[in-house]
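Dumped work-v3.cif below, it's mmCIF, C-alpha atoms and all ligand atoms:
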data_run
loop_
_atom_site.label_atom_id
_atom_site.label_comp_id
_atom_site.auth_asym_id
_atom_site.auth_seq_id
_atom_site.Cartn_x
_atom_site.Cartn_y
_atom_site.Cartn_z
CA MET A 892 11.40 -18.77 118.62
CA ARG A 893 9.06 -20.75 120.91
CA GLN A 894 10.77 -21.89 124.04
CA LEU A 895 11.23 -25.58 124.84
CA ILE A 896 10.63 -26.62 128.41
CA ALA A 897 12.06 -30.10 128.82
CA GLY A 898 11.87 -32.38 131.85
CA ASN A 899 14.62 -34.87 132.54
CA TRP A 900 13.31 -37.43 135.02
CA LYS A 901 16.76 -39.03 135.33
CA MET A 902 16.49 -42.35 137.27
CA PHE A 903 13.18 -41.49 138.90
CA GLY A 904 9.61 -42.50 138.18
CA ARG A 905 7.45 -45.63 138.15
CA LEU A 906 4.65 -46.74 135.86
CA THR A 907 2.04 -45.42 138.29
CA ASP A 908 3.43 -41.88 137.90
CA VAL A 909 2.79 -41.68 134.17
CA THR A 910 -0.97 -41.18 133.84
CA PRO A 911 -1.33 -38.54 136.59
CA PHE A 912 1.58 -36.56 135.15
CA ALA A 913 0.32 -36.77 131.57
CA GLU A 914 -3.17 -35.75 132.64
CA ALA A 915 -1.82 -32.76 134.56
CA MET A 916 0.05 -31.65 131.43
CA ARG A 917 -3.23 -31.13 129.61
CA ALA A 918 -3.42 -27.85 131.53
CA ALA A 919 -0.07 -26.71 130.08
CA PRO A 920 0.16 -23.30 128.40
CA ALA A 921 0.08 -23.34 124.59
CA HIS A 922 2.89 -20.82 124.04
CA VAL A 923 5.72 -23.27 124.79
CA ASP A 924 6.91 -26.62 123.47
CA LEU A 925 6.93 -29.25 126.20
CA LEU A 926 8.97 -32.41 126.49
CA VAL A 927 9.38 -35.13 129.08
CA CYS A 928 12.35 -37.52 129.08
CA PRO A 929 11.57 -40.38 131.48
CA PRO A 930 13.57 -43.60 132.02
CA PHE A 931 13.36 -46.16 129.21
CA THR A 932 10.83 -48.29 131.12
CA LEU A 933 8.24 -45.52 131.00
CA LEU A 934 8.56 -44.50 127.36
CA GLU A 935 5.89 -46.67 125.86
CA ARG A 936 3.39 -45.96 128.63
CA PHE A 937 4.08 -42.24 128.26
CA ALA A 938 3.66 -42.42 124.48
CA THR A 939 0.12 -43.69 124.98
CA ALA A 940 -0.70 -41.31 127.81
CA LEU A 941 0.49 -38.25 125.88
CA GLU A 942 -1.42 -39.05 122.67
CA GLY A 943 -3.31 -36.03 121.36
CA GLY A 944 -1.60 -33.63 123.76
CA GLN A 945 1.10 -31.02 123.20
CA MET A 946 3.88 -32.71 125.18
CA ALA A 947 6.59 -34.55 123.26
CA LEU A 948 8.49 -37.57 124.50
CA GLY A 949 12.22 -38.15 124.73
CA ALA A 950 14.81 -40.50 126.16
CA GLN A 951 17.95 -39.80 128.17
CA ASN A 952 20.58 -41.74 126.25
CA CYS A 953 21.20 -44.04 123.30
CA HIS A 954 24.02 -46.18 121.94
CA ALA A 955 26.06 -45.04 118.97
CA ASN A 956 25.19 -48.17 116.98
CA PRO A 957 21.73 -48.82 115.55
CA GLN A 958 21.80 -52.41 116.91
CA GLY A 959 24.32 -54.96 118.07
CA ALA A 960 25.80 -56.99 120.91
CA HIS A 961 25.80 -54.27 123.57
CA THR A 962 24.24 -55.73 126.69
CA GLY A 963 22.16 -53.24 128.63
CA ASP A 964 22.22 -50.53 125.97
CA ILE A 965 19.42 -49.06 123.88
CA ALA A 966 19.68 -48.06 120.23
CA ALA A 967 18.19 -44.91 118.76
CA PRO A 968 15.75 -46.79 116.44
CA MET A 969 14.41 -48.61 119.53
CA LEU A 970 13.63 -45.25 121.14
CA VAL A 971 11.72 -44.28 118.00
CA ASP A 972 9.81 -47.58 118.25
CA ALA A 973 8.86 -46.71 121.83
CA GLY A 974 7.48 -43.32 120.77
CA ALA A 975 10.40 -40.97 121.49
CA ALA A 976 11.05 -37.94 119.32
CA TYR A 977 14.02 -36.53 121.28
CA VAL A 978 17.03 -37.91 123.11
CA ILE A 979 19.25 -36.19 125.67
CA LEU A 980 22.94 -36.89 124.97
CA GLY A 981 26.12 -35.98 126.79
CA HIS A 982 24.48 -35.09 130.08
CA SER A 983 27.20 -34.50 132.68
CA GLU A 984 25.86 -37.45 134.66
CA ARG A 985 26.54 -39.68 131.64
CA ARG A 986 29.94 -38.04 131.09
CA ASN A 987 30.83 -38.74 134.76
CA ASP A 988 29.06 -42.01 135.51
CA HIS A 989 29.89 -43.69 132.21
CA GLY A 990 33.04 -41.91 131.08
CA GLU A 991 31.39 -40.56 127.95
CA ASN A 992 33.70 -38.20 126.11
CA ASN A 993 32.98 -35.77 123.30
CA ALA A 994 33.82 -38.33 120.59
CA VAL A 995 31.33 -40.83 122.05
CA ILE A 996 28.68 -38.14 122.34
CA ARG A 997 29.24 -37.10 118.75
CA ALA A 998 28.84 -40.70 117.58
CA LYS A 999 25.63 -41.04 119.59
CA THR A 1000 24.38 -37.75 118.19
CA GLU A 1001 24.97 -38.96 114.65
CA SER A 1002 23.13 -42.20 115.42
CA ALA A 1003 20.20 -40.30 116.95
CA ILE A 1004 19.89 -38.03 113.91
CA ALA A 1005 20.11 -41.01 111.54
CA ALA A 1006 17.18 -42.60 113.40
CA GLY A 1007 15.10 -39.42 113.09
CA LEU A 1008 15.45 -38.29 116.70
CA ILE A 1009 16.13 -34.71 117.76
CA PRO A 1010 19.24 -34.75 119.94
CA ILE A 1011 19.59 -32.46 122.95
CA VAL A 1012 23.34 -32.24 123.45
CA CYS A 1013 24.43 -31.09 126.91
CA VAL A 1014 27.52 -29.04 127.64
CA GLY A 1015 28.74 -27.32 130.77
CA GLU A 1016 31.75 -26.60 132.93
CA THR A 1017 32.66 -27.92 136.38
CA GLU A 1018 33.03 -25.56 139.30
CA GLY A 1019 36.82 -25.86 139.13
CA GLU A 1020 36.82 -24.96 135.44
CA ARG A 1021 34.68 -21.89 136.13
CA GLU A 1022 36.92 -20.79 139.00
CA ALA A 1023 39.93 -21.18 136.72
CA GLY A 1024 38.29 -18.88 134.16
CA GLU A 1025 37.99 -21.78 131.72
CA ALA A 1026 34.20 -22.09 131.49
CA GLU A 1027 33.70 -20.68 127.99
CA HIS A 1028 36.75 -22.45 126.63
CA VAL A 1029 35.52 -25.80 127.99
CA VAL A 1030 32.02 -25.34 126.60
CA ARG A 1031 33.32 -24.24 123.18
CA SER A 1032 35.51 -27.31 123.05
CA GLN A 1033 32.60 -29.59 124.02
CA LEU A 1034 30.51 -28.07 121.21
CA GLN A 1035 33.31 -28.36 118.70
CA HIS A 1036 33.92 -32.03 119.45
CA SER A 1037 30.38 -33.24 120.32
CA LEU A 1038 28.35 -31.77 117.45
CA PRO A 1039 28.63 -33.38 114.03
CA PRO A 1040 28.73 -31.18 110.92
CA GLY A 1041 25.23 -30.04 109.94
CA PHE A 1042 23.97 -30.60 113.49
CA ALA A 1043 20.25 -29.88 113.72
CA GLY A 1044 19.06 -30.32 117.28
CA VAL A 1045 19.07 -28.58 120.62
CA VAL A 1046 21.95 -27.57 122.88
CA ALA A 1047 21.56 -27.49 126.65
CA TYR A 1048 23.97 -25.47 128.76
CA GLU A 1049 24.16 -27.05 132.19
CA PRO A 1050 26.91 -25.87 134.53
CA VAL A 1051 27.76 -29.09 136.38
CA TRP A 1052 27.95 -27.31 139.75
CA ALA A 1053 24.38 -25.99 139.34
CA ILE A 1054 22.78 -29.41 138.78
CA GLY A 1055 20.68 -30.51 141.72
CA THR A 1056 22.41 -28.07 144.05
CA GLY A 1057 19.92 -25.20 144.24
CA ARG A 1058 22.70 -22.90 142.98
CA THR A 1059 22.48 -21.06 139.66
CA PRO A 1060 24.94 -18.85 137.79
CA THR A 1061 24.37 -15.09 137.86
CA GLU A 1062 22.19 -13.68 135.12
CA ASP A 1063 25.30 -12.07 133.61
CA ASP A 1064 27.08 -15.42 133.55
CA VAL A 1065 24.12 -17.11 131.84
CA LYS A 1066 23.91 -14.26 129.33
CA SER A 1067 27.58 -14.36 128.44
CA MET A 1068 27.71 -18.15 128.21
CA HIS A 1069 24.62 -18.32 125.99
CA ALA A 1070 26.08 -15.58 123.76
CA ALA A 1071 29.35 -17.54 123.55
CA ILE A 1072 27.43 -20.71 122.62
CA ARG A 1073 25.47 -18.85 119.94
CA ALA A 1074 28.73 -17.49 118.48
CA ALA A 1075 30.31 -20.95 118.55
CA LEU A 1076 27.25 -22.45 116.80
CA ALA A 1077 27.45 -19.77 114.10
CA ALA A 1078 31.15 -20.50 113.60
CA GLN A 1079 30.51 -24.25 113.37
CA LEU A 1080 27.21 -24.38 111.52
CA GLY A 1081 26.98 -21.07 109.66
CA GLN A 1082 23.49 -19.64 109.28
CA ASP A 1083 21.93 -22.83 110.65
CA GLY A 1084 23.54 -22.09 113.99
CA ALA A 1085 20.94 -19.37 114.54
CA LYS A 1086 18.14 -21.95 114.44
CA ILE A 1087 19.45 -24.03 117.35
CA ARG A 1088 17.59 -23.61 120.64
CA ILE A 1089 19.95 -23.19 123.58
CA LEU A 1090 18.37 -24.40 126.82
CA TYR A 1091 19.59 -23.49 130.27
CA GLY A 1092 19.66 -26.30 132.87
CA GLY A 1093 20.70 -26.47 136.50
CA SER A 1094 18.39 -25.88 139.48
CA VAL A 1095 15.59 -24.33 137.43
CA LYS A 1096 12.61 -23.95 139.78
CA PRO A 1097 9.28 -22.11 139.68
CA GLY A 1098 10.87 -19.28 141.67
CA ASN A 1099 13.76 -18.55 139.29
CA ALA A 1100 12.34 -19.69 135.94
CA ALA A 1101 10.92 -16.33 134.80
CA SER A 1102 14.19 -14.47 135.24
CA LEU A 1103 16.32 -17.23 133.66
CA LEU A 1104 13.99 -17.78 130.70
CA ALA A 1105 13.82 -14.05 129.94
CA LEU A 1106 17.57 -13.81 129.32
CA PRO A 1107 18.79 -13.29 125.73
CA GLU A 1108 19.64 -16.49 123.84
CA VAL A 1109 17.90 -18.67 126.44
CA GLY A 1110 15.53 -20.79 124.34
CA GLY A 1111 14.04 -22.81 127.16
CA ALA A 1112 15.03 -24.98 130.10
CA LEU A 1113 16.19 -28.50 130.82
CA VAL A 1114 14.63 -29.21 134.19
CA GLY A 1115 15.64 -32.07 136.47
CA GLY A 1116 14.21 -32.29 139.97
CA ALA A 1117 11.40 -29.80 139.42
CA SER A 1118 10.12 -31.75 136.41
CA LEU A 1119 9.03 -34.62 138.66
CA LYS A 1120 6.25 -32.56 140.19
CA ALA A 1121 3.62 -31.68 137.60
CA GLU A 1122 2.69 -28.51 139.47
CA ASP A 1123 6.28 -27.21 139.49
CA PHE A 1124 6.87 -28.17 135.87
CA LEU A 1125 3.69 -26.36 134.80
CA ALA A 1126 4.74 -23.28 136.80
CA ILE A 1127 8.06 -23.25 134.94
CA ALA A 1128 6.27 -23.61 131.60
CA ASN A 1129 3.98 -20.74 132.51
CA ALA A 1130 7.00 -18.58 133.37
CA ALA A 1131 8.38 -18.82 129.81
CA PRO A 1132 8.09 -15.58 127.83
CA ARG A 1133 5.25 -15.35 125.33
CA GLY A 1134 6.19 -14.60 121.75
O1 LIG A 1201 18.90 -32.40 133.04
C1 LIG A 1201 18.61 -31.67 133.98
C2 LIG A 1201 19.63 -31.06 134.78
O2 LIG A 1201 20.64 -31.94 135.12
C3 LIG A 1201 19.17 -30.17 135.88
O3 LIG A 1201 18.81 -30.88 137.03
P1 LIG A 1201 18.16 -30.07 138.25
O4 LIG A 1201 17.06 -29.23 137.69
O5 LIG A 1201 17.69 -31.12 139.20
O6 LIG A 1201 19.26 -29.21 138.81
#
How does the structure come out when it is put into structure tokens?
Ligand SMILES: O=C[C@H](O)COP(=O)(O)O
Amino acid sequence: MRQLIAGNWKMFGRLTDVTPFAEAMRAAPAHVDLLVCPPFTLLERFATALEGGQMALGAQNCHANPQGAHTGDIAAPMLVDAGAAYVILGHSERRNDHGENNAVIRAKTESAIAAGLIPIVCVGETEGEREAGEAEHVVRSQLQHSLPPGFAGVVAYEPVWAIGTGRTPTEDDVKSMHAAIRAALAAQLGQDGAKIRILYGGSVKPGNAASLLALPEVGGALVGGASLKAEDFLAIANAAPRG
């Protein structure tokens, strides 16, 4: 399966950043799928700038309803209007900052799929949960309650304590968590579970990308900080295994 290297710009980026980044991405390697998920304000500009290139466009959140009186929110069909093909859902920053629980994330995931978007559903344990030996249990429960039946999208494993910290799990920990996620997807989705790409996210950098991306059941990366610099993001894309 081709790997997906996805950038999550979080709450960073201005209109002036779009064209230089999109132009730099024209030098991206062809053996990976590339995605950038900027803030809402940059979607339309990015859609134009990326035309004819290999990089897809995504958003970082949507509401569970397709429209309605929800001040400050964005509906999945609006993201499609703006040119998005993907949406990140259930990121730990949304779970923490906005109190999003698994039921909310599942409802958003259903709305995204109904609008024709590919959801990237994030799961991951806190440091305390890992220390308590609960990491796999927590992630299995997030999958069970966040993914609707027949889920067809992407899963991103992001240990909360590795996000933006420069710390990453050991290779063995990534391997065993990705194997546990694959098994959980098979149990929930049957044969279709094998088709789901499982991204790793959390302090992926040019220096550690090759070793993380080479691990079994790692289908790509969800990159935060390092996706803001075109050079670093391209280095991560180039580090993905070929074939
Ligand atoms: O969505 C991306 C992740 O939260 C990872 O962020 P990071 O690469 O800055 O650690």
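Nearest residue to ligand LIG 1201 (chain A) among A:Val1051, A:Val1029, A:Val978, A:Met969 is A:Val1051, counting all atoms listed in the file.
Of the listed residues (A:Ile1089, A:Ala967, A:Ala1074, A:Ala947), A:Ile1089 comes nearest to A:Val1014; the distances count all atoms listed in the file.
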inquiry  = I need the residue nearest A:Lys901 from this list: A:Ser1102, A:Asn1129, A:Ser1094, A:Gln951. Use only C-alpha atoms for the distance.
reply    =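 The closest residue to A:Lys901 is A:Gln951.
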A:Val1012, A:Ala955, A:Leu1090, A:Leu926 ranked by distance to A:Ala1105, top pick (using only C-alpha atoms) = A:Leu1090
Show me, as JSON, the centre and edge lengths in Å to one decimal of the axis-aligned box that covers every listed atom of stretch 967-975 of chain A with 4 Å on each side.
{"center_x": 12.8, "center_y": -44.8, "center_z": 119.1, "size_x": 18.7, "size_y": 15.6, "size_z": 13.4}
Residues of chain A that approach ligand LIG 1201 (chain A) to 6 Å or less, counting only C-alpha atoms and all ligand atoms: could you list each one with the shortest pair of atoms and its distance in Å to one decimal, rows by chain and increasing residue number, as JSON lines?
{"residue": "A:Asn899", "atom": "CA", "partner": "A:LIG1201", "partner_atom": "O1", "distance": 5.0}
{"residue": "A:Ile1054", "atom": "CA", "partner": "A:LIG1201", "partner_atom": "O6", "distance": 3.5}
{"residue": "A:Gly1055", "atom": "CA", "partner": "A:LIG1201", "partner_atom": "O6", "distance": 3.5}
{"residue": "A:Gly1092", "atom": "CA", "partner": "A:LIG1201", "partner_atom": "C3", "distance": 4.9}
{"residue": "A:Gly1093", "atom": "CA", "partner": "A:LIG1201", "partner_atom": "O6", "distance": 3.9}
{"residue": "A:Ser1094", "atom": "CA", "partner": "A:LIG1201", "partner_atom": "O6", "distance": 3.5}
{"residue": "A:Val1095", "atom": "CA", "partner": "A:LIG1201", "partner_atom": "O4", "distance": 5.1}
{"residue": "A:Leu1113", "atom": "CA", "partner": "A:LIG1201", "partner_atom": "C1", "distance": 5.1}
{"residue": "A:Val1114", "atom": "CA", "partner": "A:LIG1201", "partner_atom": "O4", "distance": 4.3}
{"residue": "A:Gly1115", "atom": "CA", "partner": "A:LIG1201", "partner_atom": "O4", "distance": 3.4}
{"residue": "A:Gly1116", "atom": "CA", "partner": "A:LIG1201", "partner_atom": "O5", "distance": 3.8}
{"residue": "A:Ala1117", "atom": "CA", "partner": "A:LIG1201", "partner_atom": "O4", "distance": 5.9}
inquiry  = Excluding A:Lys1120 and its own-chain neighbours fewer than 6 positions away, which residues fall within 12 Å of it when counting all atoms listed in the file? Please give them as a PyMOL selection string.
reply    = chain A and resi 898-900+903-904+908-909+911-913+915-916+927+1096-1097+1114+1126-1127
task = Show which residues sit within 6 Å of A:Ile1087, as a count of residues only. Count all atoms listed in the file, and ignore same-chain residues fewer than 2 positions away.
result = 3
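Atom pair atom CA of A:Pro1132 / atom CA of A:Gly1044 has a distance of 21.2 Å (rounded to one decimal).
Checking A:Glu1049, A:Glu935, A:Glu991, A:Asp924 one by one against A:Asn952, counting all atoms listed in the file, you find the shortest gap at A:Glu991.
What separates atom CA of A:His1036 from atom CA of A:Cys1013 is a distance of 12.1 Å.
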